[in-house]
Amino acid sequence: MKQKNKCFSFIIVIAVLVILNTAGQYVFHRFDFTADKRFTLSEKTKSILQKNEKQVIITVFLAGELPPAFKRLQAAVSDILSDYRAYAKTNVKVVFVDPLAGLNQADQDTVINNLYERGIEATNLSVKTEDGLTQKLVFPMAMIESDGKEFPIKLFQNLDTRGNYEDNINRSIENLEYIFTSSLKKVLSGDNPRIGFSESNGELSDLQLADAIHTLSGSYLVGRIDLNSIDKAGLDKLKMLIIAKPKKPFTEAEKYKINYFVMNGGRVLWSIDQVNAELDSLRGRSGQMAINRDLNLNDMLFMYGARINYNIIADPANSAEIPVSTGVVGGQNQMELVPWIYYPVLLPDTAQSVVKKLDGIKSEFPSTVDTIGARGIKKSYILTTSAFNKVYNVPKLFSLQMVGEQLDPRSFQSKPENVGLMLEGNFPSVFAGRPLPATITQPYSVQSIGKPAKMIVIGDGDVFKNQVSEQNGNPFPLGYDRYSQRTFGNKALLLNIVDYFTDDDNLITLRNKEVKIRLLDKAKIKLEKTKWQFINVVAPLLLLILFAIFQHYYRKYKYAK
């Protein structure tokens with residue numbers, strides 16, 4: 001009877017396992033027991049994967065011998081792509097490759113150049129070994145291919161030139177779902193929104209915008225537009241308009257075209273200098289008088305709900321550095337980096353998804369931005385200074401001798417000043433009830449209240465300007481400061497804004513995912529190294545020996561009776 005019950009129980013267990021395995025082929029579910037839900041895909045990602053009927057190939061170039069931090073990134077990429085494969089309606093093929101494995105130097109150079117032309121860029125790392133620092137070339141990139149289209153993906157985000165890999169790797173892991181899902185959507189939809197940088201009013205030059213245009217060109221159709229010559233059909237093709245540091249006043253006809261673009265749901269990024277102040281103008285001079293810059297935009301921004309003030313913010317607690325001559329030694333001019341309080345490093349508001357998890361944003365002579373009452377417009381401040389600042393009204397005299405001034409800390413105790421403002425909603429028309437500008441021959445059918453639109457107003461025209469090398473005239477990456485060799489978050493800010501403005505699915509909210517990194521306490525490891533070596537190596541052997549001795553005497557006691 002006892003034997004019969006055992007057989008019956010065994011049959012039941014086998015039957016349950018068979019039923020569960022059979023049901024698992026039709027019903028899919030994953031259990032994520034991590035506190036930060038790092039293995040749970042969002043509903044937006046699942047929807048895109050389940051609606052797609054095209055085959056997708058994802059090639060990950062992060063393979064081979066990697067530093068420990070990049071192995072962690074590789075493992076995170078593998079985990080999330082396994083989830084993509086599990087939820088996808090069609091086949092998603094994932095391949096990990098080391099593009100340089102087994103190649104000689106000449107062949108490696110050829111492969112590197114070929115991959116670069118496809119948008120796959122290598123990163124040169126300094127890796128600590130027993131022999132010291134060695135250089136390691138890795139490809140923290142992936143390529144998504146579907147239906148004859150391909151899109152490169154940068155897996156390693158927020159590259160910090162100071163080499164803090166752990167923080168950068170953690171940020172990269174947090175953004176994996178966003179970059180894979182947004183890139184997959186672009187490949188599947190084949191939609192490349194048009195983005196225009198205005199150029200008719202003395203805006204930043206092609207060289208000063210070189211990295212911004214190059215970076216955006218990988219995902220969008222990017223070009224310069226002349227507001228004087230562009231017509232209604234050209235405006236209708238645009239998804240986003242960027243106005244970066246104009247110096248000449250806008251005509252009523254140009255403003256009429258911008259207003260038409262906004263009324264039809266267009267997205268506008270305003271990066272405006274209300275004050276004429278330039279560091280280059282201070283070099284070799286006794287000083288420069290900073291004065292108001294009349295751009296003829298105040299009435300337009302006022303109607304939309306924003307105002308850029310005629311002032312300059314100083315922030316001694318959080319500012320960028322500039323080189324200043326300290327004299328001539330041995331026939332050579334000696335330079336020293338000193339904080340320049342009129343170059344505040346702006347702080348992103350972490351409550352806003354469009355700027356969440358960004359590094360500090362470098363600014364140059366920024367002005368404060370205020371909100372104005374406008375019905376139906378949602379207003380959110382996205383960039384601020386620190387609470388230790390002072391606002392100077394213009395006109396004001398500036399000179400490089402100001403770097404040596406003794407500052408009174410009490411005069412800088414204040415509240416954070418707002419420099420960036422986001423506006424969303426149905427904007428009122430600036431030209432409602434007004435006659436057409438002289439050069440507009442036919443009305444563009446502008447209604448009094450427009451379609452839902454978005455805009456961001458930043459009180460600094462240099463936020464999206466890249467520096468240029470004095471040796472060869474080549475542009476540096478946006479946000480990189482060639483003097484301090486520090487990378488700020490300006491490029492990431494531009495990419496976030498463009499993604500937010502051009503993606504109607506609002507995938508940028510996927511950046512809100514936070515993965516908590518739980519690193520070992522290195523100081524504690526050093527102090528307790530011997531103890532933990534004993535626990536992990538010797539203790540298991542001792543337990544095994546004790547168990548064997550116990551089992552020996554137990555069996556002897558049991559069967560000796």
# chains A, B, ... in the order shown; residues from 1 in each chain; ligands from 1
$ residues_around --residues "Ser363 (chain A)" --least-positions-apart "5" --cutoff "7 Å" --atoms "only C-alpha atoms" --output "NGL selection string"
:A and (343-346 or 460 or 462-463)
$ select_by_dssp --residues "region 163-253 of chain A" --states "strand (DSSP E)" --output "mmCIF file with C-alpha atoms, in the first residue's frame"
data_model
loop_
_atom_site.group_PDB
_atom_site.id
_atom_site.type_symbol
_atom_site.label_atom_id
_atom_site.label_comp_id
_atom_site.auth_asym_id
_atom_site.auth_seq_id
_atom_site.Cartn_x
_atom_site.Cartn_y
_atom_site.Cartn_z
ATOM 1 C CA ARG A 194 12.496 67.228 -40.258
ATOM 2 C CA ILE A 195 14.342 69.609 -37.951
ATOM 3 C CA GLY A 196 15.358 73.094 -39.033
ATOM 4 C CA PHE A 197 17.960 75.440 -37.531
ATOM 5 C CA SER A 198 17.078 79.026 -38.441
ATOM 6 C CA LEU A 221 16.456 65.104 -41.485
ATOM 7 C CA VAL A 222 18.363 68.192 -40.330
ATOM 8 C CA GLY A 223 19.147 71.412 -42.187
ATOM 9 C CA ARG A 224 19.269 75.206 -42.043
ATOM 10 C CA ILE A 225 16.215 77.239 -42.951
ATOM 11 C CA MET A 240 10.702 71.157 -35.087
ATOM 12 C CA LEU A 241 12.327 74.590 -35.358
ATOM 13 C CA ILE A 242 15.472 75.518 -33.403
ATOM 14 C CA ILE A 243 16.348 79.204 -33.021
ATOM 15 C CA ALA A 244 19.865 79.345 -31.540
#
$ residues_around --residues "Lys237 (chain A)" --least-positions-apart "3" --cutoff "9 Å" --atoms "only C-alpha atoms" --output "list of chain:residue names"
A:Pro193, A:Arg194, A:Lys232, A:Ala233, A:Gly234
$ select_by_dssp --residues "region 29-153 of chain A" --states "alpha helix (DSSP H)" --output "ChimeraX atom specification"
/A:43-51,68-87,105-117
$ closest_residue --among "A:Tyr256, A:Phe501, A:Phe550, A:Phe388" --to "Pro435 (chain A)" --atoms "only C-alpha atoms"
A:Tyr256
$ closest_residue --among "A:Thr371, A:Thr123, A:Ser380, A:Gln332" --to "Glu424 (chain A)" --atoms "only C-alpha atoms"
A:Ser380
$ residues_around --residues "region 272-282 of chain A" --least-positions-apart "3" --cutoff "6 Å" --atoms "only C-alpha atoms" --output "PDB file with C-alpha atoms, in the first residue's frame"
ATOM      1  CA  LYS A 245      21.367  82.708 -30.574  1.00  0.00           C
ATOM      2  CA  ARG A 285      40.423  94.985 -23.769  1.00  0.00           C
ATOM      3  CA  GLY A 287      36.224  95.736 -20.587  1.00  0.00           C
ATOM      4  CA  ALA A 290      26.869  94.492 -21.677  1.00  0.00           C
ATOM      5  CA  ILE A 291      23.695  96.000 -23.107  1.00  0.00           C
ATOM      6  CA  ASN A 292      20.241  94.884 -24.170  1.00  0.00           C
ATOM      7  CA  ARG A 293      19.874  93.030 -27.464  1.00  0.00           C
ATOM      8  CA  TYR A 310      17.454  91.713 -19.607  1.00  0.00           C
ATOM      9  CA  SER A 399      36.263  92.763 -17.645  1.00  0.00           C
ATOM     10  CA  GLY A 459      17.709  82.321 -21.564  1.00  0.00           C
ATOM     11  CA  ASP A 460      21.117  81.575 -23.110  1.00  0.00           C
ATOM     12  CA  GLY A 461      22.082  81.394 -26.769  1.00  0.00           C
TER      13      GLY A 461
END
